[in-house]
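Text of the file work-v1.pdb, holding PDB, C-alpha atoms:
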ATOM      1  CA  ARG C  25      44.994  45.452 -37.460  1.00  0.00           C
ATOM      2  CA  ASP C  26      45.661  41.809 -38.137  1.00  0.00           C
ATOM      3  CA  HIS C  27      45.931  39.017 -35.565  1.00  0.00           C
ATOM      4  CA  ALA C  28      49.729  38.892 -35.733  1.00  0.00           C
ATOM      5  CA  GLU C  29      50.048  42.574 -34.804  1.00  0.00           C
ATOM      6  CA  VAL C  30      47.673  42.176 -31.878  1.00  0.00           C
ATOM      7  CA  ASN C  31      49.661  39.171 -30.615  1.00  0.00           C
ATOM      8  CA  ALA C  32      52.934  41.074 -30.968  1.00  0.00           C
ATOM      9  CA  ASP C  33      51.527  43.964 -28.949  1.00  0.00           C
ATOM     10  CA  ALA C  34      50.255  41.582 -26.251  1.00  0.00           C
ATOM     11  CA  HIS C  35      53.650  39.869 -25.992  1.00  0.00           C
ATOM     12  CA  SER C  36      55.395  43.253 -25.796  1.00  0.00           C
ATOM     13  CA  LEU C  37      53.032  44.471 -23.077  1.00  0.00           C
ATOM     14  CA  PHE C  38      53.528  41.271 -21.065  1.00  0.00           C
ATOM     15  CA  TRP C  39      57.323  41.627 -21.370  1.00  0.00           C
ATOM     16  CA  HIS C  40      57.229  45.214 -20.100  1.00  0.00           C
ATOM     17  CA  VAL C  41      54.899  44.343 -17.209  1.00  0.00           C
ATOM     18  CA  ALA C  42      57.161  41.453 -16.200  1.00  0.00           C
ATOM     19  CA  GLN C  43      60.200  43.747 -16.255  1.00  0.00           C
ATOM     20  CA  LEU C  44      58.382  46.366 -14.190  1.00  0.00           C
ATOM     21  CA  CYS C  45      57.193  43.895 -11.544  1.00  0.00           C
ATOM     22  CA  TRP C  46      60.634  42.285 -11.377  1.00  0.00           C
ATOM     23  CA  ALA C  47      62.261  45.710 -10.883  1.00  0.00           C
ATOM     24  CA  CYS C  48      59.773  46.722  -8.176  1.00  0.00           C
ATOM     25  CA  ALA C  49      60.471  43.454  -6.352  1.00  0.00           C
ATOM     26  CA  GLU C  50      64.231  43.818  -6.617  1.00  0.00           C
ATOM     27  CA  VAL C  51      64.360  47.398  -5.290  1.00  0.00           C
ATOM     28  CA  ARG C  52      61.427  46.705  -2.925  1.00  0.00           C
ATOM     29  CA  ALA C  53      59.377  49.682  -4.076  1.00  0.00           C
ATOM     30  CA  HIS C  54      55.631  49.844  -4.874  1.00  0.00           C
ATOM     31  CA  THR C  55      55.394  46.144  -4.032  1.00  0.00           C
ATOM     32  CA  ASN C  56      51.627  46.121  -3.403  1.00  0.00           C
ATOM     33  CA  GLU C  57      50.942  47.741  -6.762  1.00  0.00           C
ATOM     34  CA  ALA C  58      53.361  45.374  -8.502  1.00  0.00           C
ATOM     35  CA  ALA C  59      51.703  42.338  -6.913  1.00  0.00           C
ATOM     36  CA  SER C  60      48.271  43.561  -8.035  1.00  0.00           C
ATOM     37  CA  LEU C  61      49.542  44.143 -11.565  1.00  0.00           C
ATOM     38  CA  ALA C  62      51.069  40.664 -11.682  1.00  0.00           C
ATOM     39  CA  ALA C  63      47.774  39.173 -10.492  1.00  0.00           C
ATOM     40  CA  SER C  64      45.799  40.923 -13.219  1.00  0.00           C
ATOM     41  CA  PHE C  65      48.132  39.692 -15.940  1.00  0.00           C
ATOM     42  CA  ALA C  66      48.330  36.158 -14.581  1.00  0.00           C
ATOM     43  CA  GLY C  67      44.547  35.965 -14.546  1.00  0.00           C
ATOM     44  CA  HIS C  68      43.766  37.463 -17.943  1.00  0.00           C
ATOM     45  CA  HIS C  69      46.834  37.011 -20.146  1.00  0.00           C
ATOM     46  CA  ARG C  70      47.653  33.312 -19.826  1.00  0.00           C
ATOM     47  CA  GLY C  71      49.708  31.946 -22.683  1.00  0.00           C
ATOM     48  CA  VAL C  72      50.739  35.406 -23.879  1.00  0.00           C
ATOM     49  CA  GLY C  73      54.152  35.822 -22.294  1.00  0.00           C
ATOM     50  CA  ASP C  74      57.390  34.120 -23.265  1.00  0.00           C
ATOM     51  CA  PRO C  75      58.837  31.694 -20.651  1.00  0.00           C
ATOM     52  CA  LEU C  76      61.462  34.106 -19.310  1.00  0.00           C
ATOM     53  CA  SER C  77      58.856  36.851 -18.858  1.00  0.00           C
ATOM     54  CA  CYS C  78      56.555  34.381 -17.062  1.00  0.00           C
ATOM     55  CA  LEU C  79      59.426  33.457 -14.754  1.00  0.00           C
ATOM     56  CA  ARG C  80      60.231  37.107 -14.041  1.00  0.00           C
ATOM     57  CA  LEU C  81      56.581  37.953 -13.381  1.00  0.00           C
ATOM     58  CA  ALA C  82      56.147  34.919 -11.120  1.00  0.00           C
ATOM     59  CA  TRP C  83      59.266  35.794  -9.140  1.00  0.00           C
ATOM     60  CA  GLY C  84      58.205  39.440  -8.948  1.00  0.00           C
ATOM     61  CA  SER C  85      54.844  38.409  -7.499  1.00  0.00           C
ATOM     62  CA  LEU C  86      56.478  35.995  -5.048  1.00  0.00           C
ATOM     63  CA  ALA C  87      59.063  38.537  -3.873  1.00  0.00           C
ATOM     64  CA  CYS C  88      56.415  41.268  -3.553  1.00  0.00           C
ATOM     65  CA  GLY C  89      54.303  39.042  -1.337  1.00  0.00           C
ATOM     66  CA  GLY C  90      51.626  38.452  -3.974  1.00  0.00           C
ATOM     67  CA  ALA C  91      48.862  35.886  -3.644  1.00  0.00           C
ATOM     68  CA  ASP C  92      49.848  32.229  -3.909  1.00  0.00           C
ATOM     69  CA  THR C  93      47.261  31.782  -6.654  1.00  0.00           C
ATOM     70  CA  THR C  94      49.045  34.317  -8.863  1.00  0.00           C
ATOM     71  CA  VAL C  95      52.358  32.517  -8.572  1.00  0.00           C
ATOM     72  CA  GLU C  96      50.645  29.154  -9.113  1.00  0.00           C
ATOM     73  CA  VAL C  97      49.029  30.314 -12.367  1.00  0.00           C
ATOM     74  CA  LEU C  98      52.353  31.527 -13.716  1.00  0.00           C
ATOM     75  CA  LEU C  99      54.148  28.380 -12.549  1.00  0.00           C
ATOM     76  CA  GLY C 100      51.524  26.366 -14.386  1.00  0.00           C
ATOM     77  CA  ASP C 101      52.589  28.048 -17.628  1.00  0.00           C
ATOM     78  CA  LEU C 102      56.156  26.818 -17.029  1.00  0.00           C
ATOM     79  CA  VAL C 103      55.464  23.161 -16.166  1.00  0.00           C
ATOM     80  CA  ASP C 104      56.091  21.828 -19.688  1.00  0.00           C
ATOM     81  CA  LEU C 105      59.091  24.068 -20.332  1.00  0.00           C
ATOM     82  CA  ASP C 106      62.390  22.512 -21.401  1.00  0.00           C
ATOM     83  CA  GLY C 107      64.835  23.222 -18.567  1.00  0.00           C
ATOM     84  CA  ALA C 108      67.952  23.386 -20.725  1.00  0.00           C
ATOM     85  CA  HIS C 109      66.253  25.922 -23.013  1.00  0.00           C
ATOM     86  CA  LEU C 110      65.318  28.121 -20.045  1.00  0.00           C
ATOM     87  CA  LEU C 111      68.820  27.952 -18.543  1.00  0.00           C
ATOM     88  CA  ALA C 112      70.259  29.152 -21.842  1.00  0.00           C
ATOM     89  CA  GLN C 113      67.984  32.233 -21.682  1.00  0.00           C
ATOM     90  CA  LEU C 114      68.769  33.242 -18.102  1.00  0.00           C
ATOM     91  CA  THR C 115      70.879  36.351 -17.645  1.00  0.00           C
ATOM     92  CA  PRO C 116      73.172  36.628 -14.580  1.00  0.00           C
ATOM     93  CA  VAL C 117      70.538  38.663 -12.716  1.00  0.00           C
ATOM     94  CA  ASP C 118      67.868  36.034 -13.436  1.00  0.00           C
ATOM     95  CA  ARG C 119      69.725  33.086 -11.920  1.00  0.00           C
ATOM     96  CA  GLN C 120      69.113  33.625  -8.205  1.00  0.00           C
ATOM     97  CA  PRO C 121      65.436  34.563  -8.723  1.00  0.00           C
ATOM     98  CA  ALA C 122      64.992  31.476 -10.928  1.00  0.00           C
ATOM     99  CA  GLN C 123      66.520  29.277  -8.219  1.00  0.00           C
ATOM    100  CA  GLN C 124      64.248  30.798  -5.570  1.00  0.00           C
ATOM    101  CA  LEU C 125      61.204  30.295  -7.779  1.00  0.00           C
ATOM    102  CA  ALA C 126      62.219  26.695  -8.529  1.00  0.00           C
ATOM    103  CA  TRP C 127      62.611  25.994  -4.797  1.00  0.00           C
ATOM    104  CA  HIS C 128      59.170  27.502  -4.189  1.00  0.00           C
ATOM    105  CA  ALA C 129      57.658  25.399  -7.007  1.00  0.00           C
ATOM    106  CA  GLN C 130      59.178  22.237  -5.552  1.00  0.00           C
ATOM    107  CA  ARG C 131      57.493  22.937  -2.208  1.00  0.00           C
ATOM    108  CA  GLN C 132      54.096  23.424  -3.887  1.00  0.00           C
ATOM    109  CA  GLY C 133      53.905  19.805  -5.047  1.00  0.00           C
ATOM    110  CA  GLU C 134      54.285  17.673  -8.146  1.00  0.00           C
ATOM    111  CA  GLY C 135      51.727  19.646 -10.139  1.00  0.00           C
ATOM    112  CA  PHE C 136      54.129  22.593 -10.341  1.00  0.00           C
ATOM    113  CA  VAL C 137      57.414  20.737 -10.851  1.00  0.00           C
ATOM    114  CA  GLY C 138      58.504  20.574 -14.463  1.00  0.00           C
ATOM    115  CA  ASP C 139      61.853  19.756 -16.027  1.00  0.00           C
ATOM    116  CA  TRP C 140      62.983  23.361 -15.599  1.00  0.00           C
ATOM    117  CA  VAL C 141      62.734  23.153 -11.786  1.00  0.00           C
ATOM    118  CA  GLN C 142      65.315  20.395 -11.392  1.00  0.00           C
ATOM    119  CA  LYS C 143      67.590  21.863 -14.060  1.00  0.00           C
ATOM    120  CA  VAL C 144      67.625  25.277 -12.351  1.00  0.00           C
ATOM    121  CA  LEU C 145      68.130  23.777  -8.879  1.00  0.00           C
ATOM    122  CA  ASP C 146      70.996  21.564 -10.057  1.00  0.00           C
ATOM    123  CA  ASP C 147      72.618  24.517 -11.816  1.00  0.00           C
ATOM    124  CA  GLY C 148      72.435  26.652  -8.677  1.00  0.00           C
ATOM    125  CA  ARG C 149      73.763  23.931  -6.384  1.00  0.00           C
ATOM    126  CA  GLY C 150      76.640  23.240  -8.720  1.00  0.00           C
ATOM    127  CA  LYS C 151      77.673  26.896  -8.814  1.00  0.00           C
ATOM    128  CA  ARG C 152      77.436  27.313  -5.026  1.00  0.00           C
ATOM    129  CA  SER C 153      79.416  24.137  -4.374  1.00  0.00           C
ATOM    130  CA  ARG C 154      82.164  25.551  -6.606  1.00  0.00           C
ATOM    131  CA  GLY C 155      82.010  28.834  -4.674  1.00  0.00           C
ATOM    132  CA  THR C 156      80.935  30.914  -7.663  1.00  0.00           C
ATOM    133  CA  HIS C 157      78.811  33.470  -5.853  1.00  0.00           C
ATOM    134  CA  PRO C 158      79.847  36.902  -7.160  1.00  0.00           C
ATOM    135  CA  GLY C 159      80.614  39.818  -4.899  1.00  0.00           C
ATOM    136  CA  GLN C 160      80.808  37.644  -1.840  1.00  0.00           C
ATOM    137  CA  SER C 161      83.269  39.306   0.488  1.00  0.00           C
ATOM    138  CA  ALA C 162      86.435  41.205   1.214  1.00  0.00           C
ATOM    139  CA  LEU C 163      87.397  38.845   4.034  1.00  0.00           C
ATOM    140  CA  PRO C 164      90.699  36.939   3.930  1.00  0.00           C
ATOM    141  CA  GLY C 165      90.675  34.258   1.243  1.00  0.00           C
ATOM    142  CA  GLY C 166      87.304  35.385  -0.083  1.00  0.00           C
ATOM    143  CA  LYS C 167      85.584  32.643   1.961  1.00  0.00           C
ATOM    144  CA  PRO C 168      83.420  34.474   4.515  1.00  0.00           C
ATOM    145  CA  GLU C 169      81.643  31.353   5.736  1.00  0.00           C
ATOM    146  CA  ARG C 170      84.982  29.706   6.627  1.00  0.00           C
ATOM    147  CA  HIS C 171      86.182  32.846   8.363  1.00  0.00           C
ATOM    148  CA  LEU C 172      82.918  33.012  10.331  1.00  0.00           C
ATOM    149  CA  SER C 173      83.227  29.328  11.190  1.00  0.00           C
ATOM    150  CA  GLY C 174      86.624  30.088  12.706  1.00  0.00           C
ATOM    151  CA  LEU C 175      85.110  32.867  14.802  1.00  0.00           C
ATOM    152  CA  LEU C 176      82.286  30.595  15.965  1.00  0.00           C
ATOM    153  CA  GLN C 177      84.765  27.876  16.888  1.00  0.00           C
ATOM    154  CA  GLU C 178      86.692  30.405  18.954  1.00  0.00           C
ATOM    155  CA  MET C 179      83.405  31.260  20.699  1.00  0.00           C
ATOM    156  CA  ARG C 180      82.666  27.541  21.252  1.00  0.00           C
ATOM    157  CA  VAL C 181      79.394  27.741  19.293  1.00  0.00           C
ATOM    158  CA  PRO C 182      78.420  24.353  17.758  1.00  0.00           C
ATOM    159  CA  HIS C 183      77.677  24.689  14.031  1.00  0.00           C
ATOM    160  CA  VAL C 184      78.125  23.091  10.640  1.00  0.00           C
ATOM    161  CA  MET C 185      78.699  24.501   7.179  1.00  0.00           C
ATOM    162  CA  ALA C 186      75.464  24.344   5.194  1.00  0.00           C
ATOM    163  CA  THR C 187      75.663  22.217   2.060  1.00  0.00           C
ATOM    164  CA  PRO C 188      74.036  23.556  -1.144  1.00  0.00           C
ATOM    165  CA  ALA C 189      71.539  20.676  -1.188  1.00  0.00           C
ATOM    166  CA  ALA C 190      70.355  21.417   2.360  1.00  0.00           C
ATOM    167  CA  MET C 191      69.424  25.052   1.874  1.00  0.00           C
ATOM    168  CA  PRO C 192      66.824  26.856  -0.246  1.00  0.00           C
ATOM    169  CA  SER C 193      68.141  27.781  -3.659  1.00  0.00           C
ATOM    170  CA  GLY C 194      69.590  31.237  -3.985  1.00  0.00           C
ATOM    171  CA  SER C 195      70.556  31.093  -0.308  1.00  0.00           C
ATOM    172  CA  GLY C 196      74.143  32.170  -0.918  1.00  0.00           C
ATOM    173  CA  LYS C 197      76.486  31.195   1.919  1.00  0.00           C
ATOM    174  CA  SER C 198      75.072  30.012   5.217  1.00  0.00           C
ATOM    175  CA  ILE C 199      76.144  28.438   8.499  1.00  0.00           C
ATOM    176  CA  TRP C 200      73.798  25.981  10.143  1.00  0.00           C
ATOM    177  CA  PHE C 201      73.063  25.632  13.860  1.00  0.00           C
ATOM    178  CA  PRO C 202      71.325  22.212  13.978  1.00  0.00           C
ATOM    179  CA  GLN C 203      70.268  22.139  17.617  1.00  0.00           C
ATOM    180  CA  PRO C 204      68.177  25.348  17.703  1.00  0.00           C
ATOM    181  CA  LYS C 205      67.247  24.901  13.992  1.00  0.00           C
ATOM    182  CA  ALA C 206      68.795  28.225  13.081  1.00  0.00           C
ATOM    183  CA  VAL C 207      70.976  29.566  10.298  1.00  0.00           C
ATOM    184  CA  LEU C 208      73.446  32.418   9.962  1.00  0.00           C
ATOM    185  CA  ASP C 209      72.923  33.980   6.541  1.00  0.00           C
ATOM    186  CA  VAL C 210      76.141  35.581   5.317  1.00  0.00           C
ATOM    187  CA  GLY C 211      75.382  38.767   3.403  1.00  0.00           C
ATOM    188  CA  ALA C 212      77.452  39.439   0.298  1.00  0.00           C
ATOM    189  CA  GLU C 213      78.526  42.775  -1.124  1.00  0.00           C
ATOM    190  CA  ASP C 214      75.907  42.469  -3.858  1.00  0.00           C
ATOM    191  CA  ASP C 215      73.081  41.663  -1.437  1.00  0.00           C
ATOM    192  CA  ARG C 216      72.349  45.345  -0.936  1.00  0.00           C
ATOM    193  CA  LEU C 217      71.334  48.177  -3.229  1.00  0.00           C
ATOM    194  CA  MET C 218      73.410  51.339  -3.485  1.00  0.00           C
ATOM    195  CA  SER C 219      71.025  52.890  -0.950  1.00  0.00           C
ATOM    196  CA  GLY C 220      72.000  50.223   1.582  1.00  0.00           C
ATOM    197  CA  LYS C 221      68.591  48.508   1.492  1.00  0.00           C
ATOM    198  CA  LEU C 222      68.426  44.755   1.000  1.00  0.00           C
ATOM    199  CA  ARG C 223      67.742  43.649  -2.559  1.00  0.00           C
ATOM    200  CA  GLY C 224      64.504  41.823  -3.176  1.00  0.00           C
ATOM    201  CA  VAL C 225      66.378  38.609  -3.921  1.00  0.00           C
ATOM    202  CA  THR C 226      68.132  38.844  -0.538  1.00  0.00           C
ATOM    203  CA  GLU C 227      64.952  39.582   1.383  1.00  0.00           C
ATOM    204  CA  LEU C 228      63.188  36.648  -0.301  1.00  0.00           C
ATOM    205  CA  ARG C 229      66.165  34.391   0.415  1.00  0.00           C
ATOM    206  CA  ARG C 230      65.794  35.053   4.141  1.00  0.00           C
ATOM    207  CA  ARG C 231      62.017  34.638   3.962  1.00  0.00           C
ATOM    208  CA  GLN C 232      62.492  31.242   2.344  1.00  0.00           C
ATOM    209  CA  LEU C 233      64.969  30.190   5.014  1.00  0.00           C
ATOM    210  CA  TYR C 234      62.374  31.178   7.617  1.00  0.00           C
ATOM    211  CA  SER C 235      59.609  29.314   5.764  1.00  0.00           C
ATOM    212  CA  ALA C 236      61.829  26.214   5.864  1.00  0.00           C
ATOM    213  CA  GLY C 237      61.425  26.284   9.655  1.00  0.00           C
ATOM    214  CA  LEU C 238      64.690  28.026  10.496  1.00  0.00           C
ATOM    215  CA  HIS C 239      65.356  30.939  12.799  1.00  0.00           C
ATOM    216  CA  VAL C 240      67.378  33.328  10.649  1.00  0.00           C
ATOM    217  CA  HIS C 241      70.356  35.312  11.908  1.00  0.00           C
ATOM    218  CA  ALA C 242      72.206  37.578   9.509  1.00  0.00           C
ATOM    219  CA  VAL C 243      75.614  39.173   9.227  1.00  0.00           C
ATOM    220  CA  ASP C 244      77.139  41.172   6.377  1.00  0.00           C
ATOM    221  CA  ALA C 245      80.611  40.008   5.420  1.00  0.00           C
ATOM    222  CA  LYS C 246      81.663  43.591   4.670  1.00  0.00           C
ATOM    223  CA  ASP C 247      80.996  44.575   8.307  1.00  0.00           C
ATOM    224  CA  LEU C 248      83.694  42.128   9.378  1.00  0.00           C
ATOM    225  CA  SER C 249      86.366  43.446   7.051  1.00  0.00           C
ATOM    226  CA  ASP C 250      88.897  46.038   8.209  1.00  0.00           C
ATOM    227  CA  VAL C 251      88.073  45.544  11.896  1.00  0.00           C
ATOM    228  CA  SER C 252      90.022  43.787  14.617  1.00  0.00           C
ATOM    229  CA  ARG C 253      89.506  40.150  15.578  1.00  0.00           C
ATOM    230  CA  SER C 254      87.903  41.161  18.861  1.00  0.00           C
ATOM    231  CA  GLN C 255      85.463  43.433  17.031  1.00  0.00           C
ATOM    232  CA  GLN C 256      84.621  40.608  14.645  1.00  0.00           C
ATOM    233  CA  LEU C 257      83.894  38.310  17.580  1.00  0.00           C
ATOM    234  CA  HIS C 258      81.638  40.965  19.102  1.00  0.00           C
ATOM    235  CA  LEU C 259      79.706  41.463  15.855  1.00  0.00           C
ATOM    236  CA  VAL C 260      79.172  37.730  15.321  1.00  0.00           C
ATOM    237  CA  ALA C 261      78.148  37.203  18.953  1.00  0.00           C
ATOM    238  CA  HIS C 262      75.603  40.002  18.580  1.00  0.00           C
ATOM    239  CA  ALA C 263      74.309  38.513  15.291  1.00  0.00           C
ATOM    240  CA  VAL C 264      73.650  35.051  16.742  1.00  0.00           C
ATOM    241  CA  ALA C 265      72.428  36.176  20.169  1.00  0.00           C
TER     242      ALA C 265
END

I'd like the structure from this file rewritten - as C-alpha cells, please.
Amino acid sequence: RDHAEVNADAHSLFWHVAQLCWACAEVRAHTNEAASLAASFAGHHRGVGDPLSCLRLAWGSLACGGADTTVEVLLGDLVDLDGAHLLAQLTPVDRQPAQQLAWHAQRQGEGFVGDWVQKVLDDGRGKRSRGTHPGQSALPGGKPERHLSGLLQEMRVPHVMATPAAMPSGSGKSIWFPQPKAVLDVGAEDDRLMSGKLRGVTELRRRQLYSAGLHVHAVDAKDLSDVSRSQQLHLVAHAVA
C-alpha cells in the first residue's frame, strides 16, 4: 500500500473516532471510554485529523470530562486555523459545541487562542443577541427569559438579563442574580434528548457556568407552559430557592 492510501485510512479512522466520541458526549453514554479513546488519538495521531474532526474530538473529550491535557493537545492543532474557514464548515449541531470549546480555549490562555476562537465567539454572541436560539420555548412571545423576568419581578427578586458577552458561549438564555453570583439557566426544548436526559451540550453549558464562579439554578421553559400563573410562580420560586 502506498503512502497516500495509508494517510487516507488514518484520516478516515480519525473522522470516525471523532464522530463516535462526539456522539457519546452528546447522549452522555460511555463517557469514560470515549474520553480514553480521545486521549489515545490526541497523543498518537497529531496532525492526522481535519480541523472539524479535531474540534469534535476536543469537544467530546471536554464534555466527557476527559483530561485537560487531551483537550490542550487538540486545541493546539487548531491554533493556526482560519476562523472564517472553520465557521463555513460548522453544521448546526456543531455551533454550540464550537462556542463552548472556544470559551474553554480562551480561559486556558493565549497559547490556545487562535483566530478561530474569536470568530466562533463573535458568531455565537451575534446569534444570541438576535434571539436565534432554536427550539427555545412555547411560552408567550417565544421569549422565556422575559417571561421569567416578569415572574421574578412579581416575586420581588432582584435580577438582570444576562448579556451574550457576559456569559459562557453556548449558554443559551440566562438570568443573572448579581448579588449572590448566581444564574438561572433557562432550558430550551432542544436541551433534552428524547429520553428526557440532558444533552451533553446542555450539561457542559451548566458546568461552564459553574466554573465561571456562578451558582447555577435551572428551569425548563416547557415546564412553565400550559400551567397557571400561580403554578409558574411556584415552579420558579422552587428553582431559585

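Here, the PyMOL selection byres ((chain C and resi 215) around 10) matches Gly159, Gln160, Gly196, Val210, Gly211, Ala212, Glu213, Asp214, Arg216, Leu217, Met218, Gly220, Lys221, Leu222, Arg223, Gly224, Val225, Thr226, Glu227 and Asp244 of chain C.
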
So how many Å separate atom CA of Val117 of chain C and atom CA of Ala53 of chain C, to one decimal?
17.9 Å

Using only C-alpha atoms, which of the listed residues (C:His239, C:His171, C:His54, C:Arg70) sits closest to Gly84 of chain C?
C:His54

Option closest in space to Asp104 of chain C, from C:Pro75, C:Gly90, C:Gly138, C:Pro121 [counting all atoms listed in the file]:
C:Gly138

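Minimum distance to Asp209 of chain C across C:Val240, C:Ala66, C:Leu102, C:Leu114 (counting all atoms listed in the file) occurs at C:Val240.
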
Padded axis-aligned box of segment 115-127 of chain C (3 Å per side), centre and edge lengths, Å, one decimal, as lines of an AutoDock Vina configuration file:
center_x = 67.2
center_y = 32.3
center_z = -11.2
size_x = 18.0
size_y = 18.7
size_z = 18.8

Contacts of His128 of chain C within 12 Å, only C-alpha atoms, excl. fewer than 4 positions in-chain, as a VMD selection string:
chain C and resid 82 to 83 86 to 87 92 95 to 96 99 121 to 124 132 to 134 136 to 137 141 to 142 144 to 145 192 to 194 228 to 229 231 to 233 235 to 236

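Excluding Val181 of chain C itself and any same-chain residue fewer than 5 positions from it, the protein and nucleic acid residues within 9 Å of it, counting only C-alpha atoms, are Leu175, Leu176 and Phe201 of chain C.
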
As a check of understanding: the span from atom CA of Trp127 of chain C to atom CA of Arg52 of chain C is 20.8 Å

Show which residues sit within 12 Å of segment 34-42 of chain C, as a ChimeraX atom specification. Count only C-alpha atoms, and ignore same-chain residues fewer than 6 positions away.
/C:27-28,48-49,57-66,68-85,98

The PyMOL selection byres ((chain C and resi 260) around 12) applied to the shown file, residues as a VMD selection string:
chain C and resid 169 171 to 179 181 199 208 to 210 241 to 245 247 to 248 253 to 259 261 to 265

Reconstruct segment 238-255 of chain C at the level of N, CA, C and O atoms, and format the result as a PDB file, keeping the file's coordinate frame.
ATOM      1  N   LEU C 238      63.441  27.609   9.861  1.00  0.00           N
ATOM      2  CA  LEU C 238      64.690  28.026  10.496  1.00  0.00           C
ATOM      3  C   LEU C 238      64.561  29.412  11.106  1.00  0.00           C
ATOM      4  O   LEU C 238      63.893  30.287  10.543  1.00  0.00           O
ATOM      5  N   HIS C 239      65.218  29.596  12.240  1.00  0.00           N
ATOM      6  CA  HIS C 239      65.356  30.939  12.799  1.00  0.00           C
ATOM      7  C   HIS C 239      66.557  31.571  12.098  1.00  0.00           C
ATOM      8  O   HIS C 239      67.637  30.984  12.061  1.00  0.00           O
ATOM      9  N   VAL C 240      66.356  32.740  11.513  1.00  0.00           N
ATOM     10  CA  VAL C 240      67.378  33.328  10.649  1.00  0.00           C
ATOM     11  C   VAL C 240      68.135  34.445  11.357  1.00  0.00           C
ATOM     12  O   VAL C 240      67.550  35.438  11.796  1.00  0.00           O
ATOM     13  N   HIS C 241      69.447  34.251  11.485  1.00  0.00           N
ATOM     14  CA  HIS C 241      70.356  35.312  11.908  1.00  0.00           C
ATOM     15  C   HIS C 241      71.073  35.819  10.656  1.00  0.00           C
ATOM     16  O   HIS C 241      71.176  35.094   9.672  1.00  0.00           O
ATOM     17  N   ALA C 242      71.548  37.026  10.691  1.00  0.00           N
ATOM     18  CA  ALA C 242      72.206  37.578   9.509  1.00  0.00           C
ATOM     19  C   ALA C 242      73.423  38.405   9.899  1.00  0.00           C
ATOM     20  O   ALA C 242      73.428  39.072  10.935  1.00  0.00           O
ATOM     21  N   VAL C 243      74.431  38.339   9.055  1.00  0.00           N
ATOM     22  CA  VAL C 243      75.614  39.173   9.227  1.00  0.00           C
ATOM     23  C   VAL C 243      76.148  39.510   7.840  1.00  0.00           C
ATOM     24  O   VAL C 243      76.137  38.669   6.942  1.00  0.00           O
ATOM     25  N   ASP C 244      76.546  40.754   7.647  1.00  0.00           N
ATOM     26  CA  ASP C 244      77.139  41.172   6.377  1.00  0.00           C
ATOM     27  C   ASP C 244      78.645  40.980   6.437  1.00  0.00           C
ATOM     28  O   ASP C 244      79.304  41.466   7.366  1.00  0.00           O
ATOM     29  N   ALA C 245      79.177  40.278   5.445  1.00  0.00           N
ATOM     30  CA  ALA C 245      80.611  40.008   5.420  1.00  0.00           C
ATOM     31  C   ALA C 245      81.416  41.305   5.425  1.00  0.00           C
ATOM     32  O   ALA C 245      82.477  41.385   6.045  1.00  0.00           O
ATOM     33  N   LYS C 246      80.906  42.335   4.757  1.00  0.00           N
ATOM     34  CA  LYS C 246      81.663  43.591   4.670  1.00  0.00           C
ATOM     35  C   LYS C 246      81.828  44.242   6.046  1.00  0.00           C
ATOM     36  O   LYS C 246      82.799  44.977   6.273  1.00  0.00           O
ATOM     37  N   ASP C 247      80.889  43.988   6.973  1.00  0.00           N
ATOM     38  CA  ASP C 247      80.996  44.575   8.307  1.00  0.00           C
ATOM     39  C   ASP C 247      82.150  43.983   9.106  1.00  0.00           C
ATOM     40  O   ASP C 247      82.582  44.562  10.113  1.00  0.00           O
ATOM     41  N   LEU C 248      82.607  42.801   8.666  1.00  0.00           N
ATOM     42  CA  LEU C 248      83.694  42.128   9.378  1.00  0.00           C
ATOM     43  C   LEU C 248      85.066  42.425   8.784  1.00  0.00           C
ATOM     44  O   LEU C 248      86.089  42.010   9.338  1.00  0.00           O
ATOM     45  N   SER C 249      85.077  43.123   7.660  1.00  0.00           N
ATOM     46  CA  SER C 249      86.366  43.446   7.051  1.00  0.00           C
ATOM     47  C   SER C 249      86.914  44.740   7.660  1.00  0.00           C
ATOM     48  O   SER C 249      86.163  45.608   8.115  1.00  0.00           O
ATOM     49  N   ASP C 250      88.211  44.837   7.710  1.00  0.00           N
ATOM     50  CA  ASP C 250      88.897  46.038   8.209  1.00  0.00           C
ATOM     51  C   ASP C 250      88.577  46.362   9.670  1.00  0.00           C
ATOM     52  O   ASP C 250      88.605  47.535  10.074  1.00  0.00           O
ATOM     53  N   VAL C 251      88.222  45.338  10.454  1.00  0.00           N
ATOM     54  CA  VAL C 251      88.073  45.544  11.896  1.00  0.00           C
ATOM     55  C   VAL C 251      88.891  44.475  12.614  1.00  0.00           C
ATOM     56  O   VAL C 251      89.252  43.452  12.030  1.00  0.00           O
ATOM     57  N   SER C 252      89.177  44.718  13.865  1.00  0.00           N
ATOM     58  CA  SER C 252      90.022  43.787  14.617  1.00  0.00           C
ATOM     59  C   SER C 252      89.299  42.465  14.887  1.00  0.00           C
ATOM     60  O   SER C 252      88.075  42.373  14.773  1.00  0.00           O
ATOM     61  N   ARG C 253      90.076  41.460  15.263  1.00  0.00           N
ATOM     62  CA  ARG C 253      89.506  40.150  15.578  1.00  0.00           C
ATOM     63  C   ARG C 253      88.502  40.250  16.726  1.00  0.00           C
ATOM     64  O   ARG C 253      87.440  39.629  16.690  1.00  0.00           O
ATOM     65  N   SER C 254      88.818  41.023  17.726  1.00  0.00           N
ATOM     66  CA  SER C 254      87.903  41.161  18.861  1.00  0.00           C
ATOM     67  C   SER C 254      86.592  41.822  18.442  1.00  0.00           C
ATOM     68  O   SER C 254      85.518  41.449  18.922  1.00  0.00           O
ATOM     69  N   GLN C 255      86.684  42.794  17.536  1.00  0.00           N
ATOM     70  CA  GLN C 255      85.463  43.433  17.031  1.00  0.00           C
ATOM     71  C   GLN C 255      84.639  42.458  16.203  1.00  0.00           C
ATOM     72  O   GLN C 255      83.407  42.465  16.262  1.00  0.00           O
TER      73      GLN C 255
END
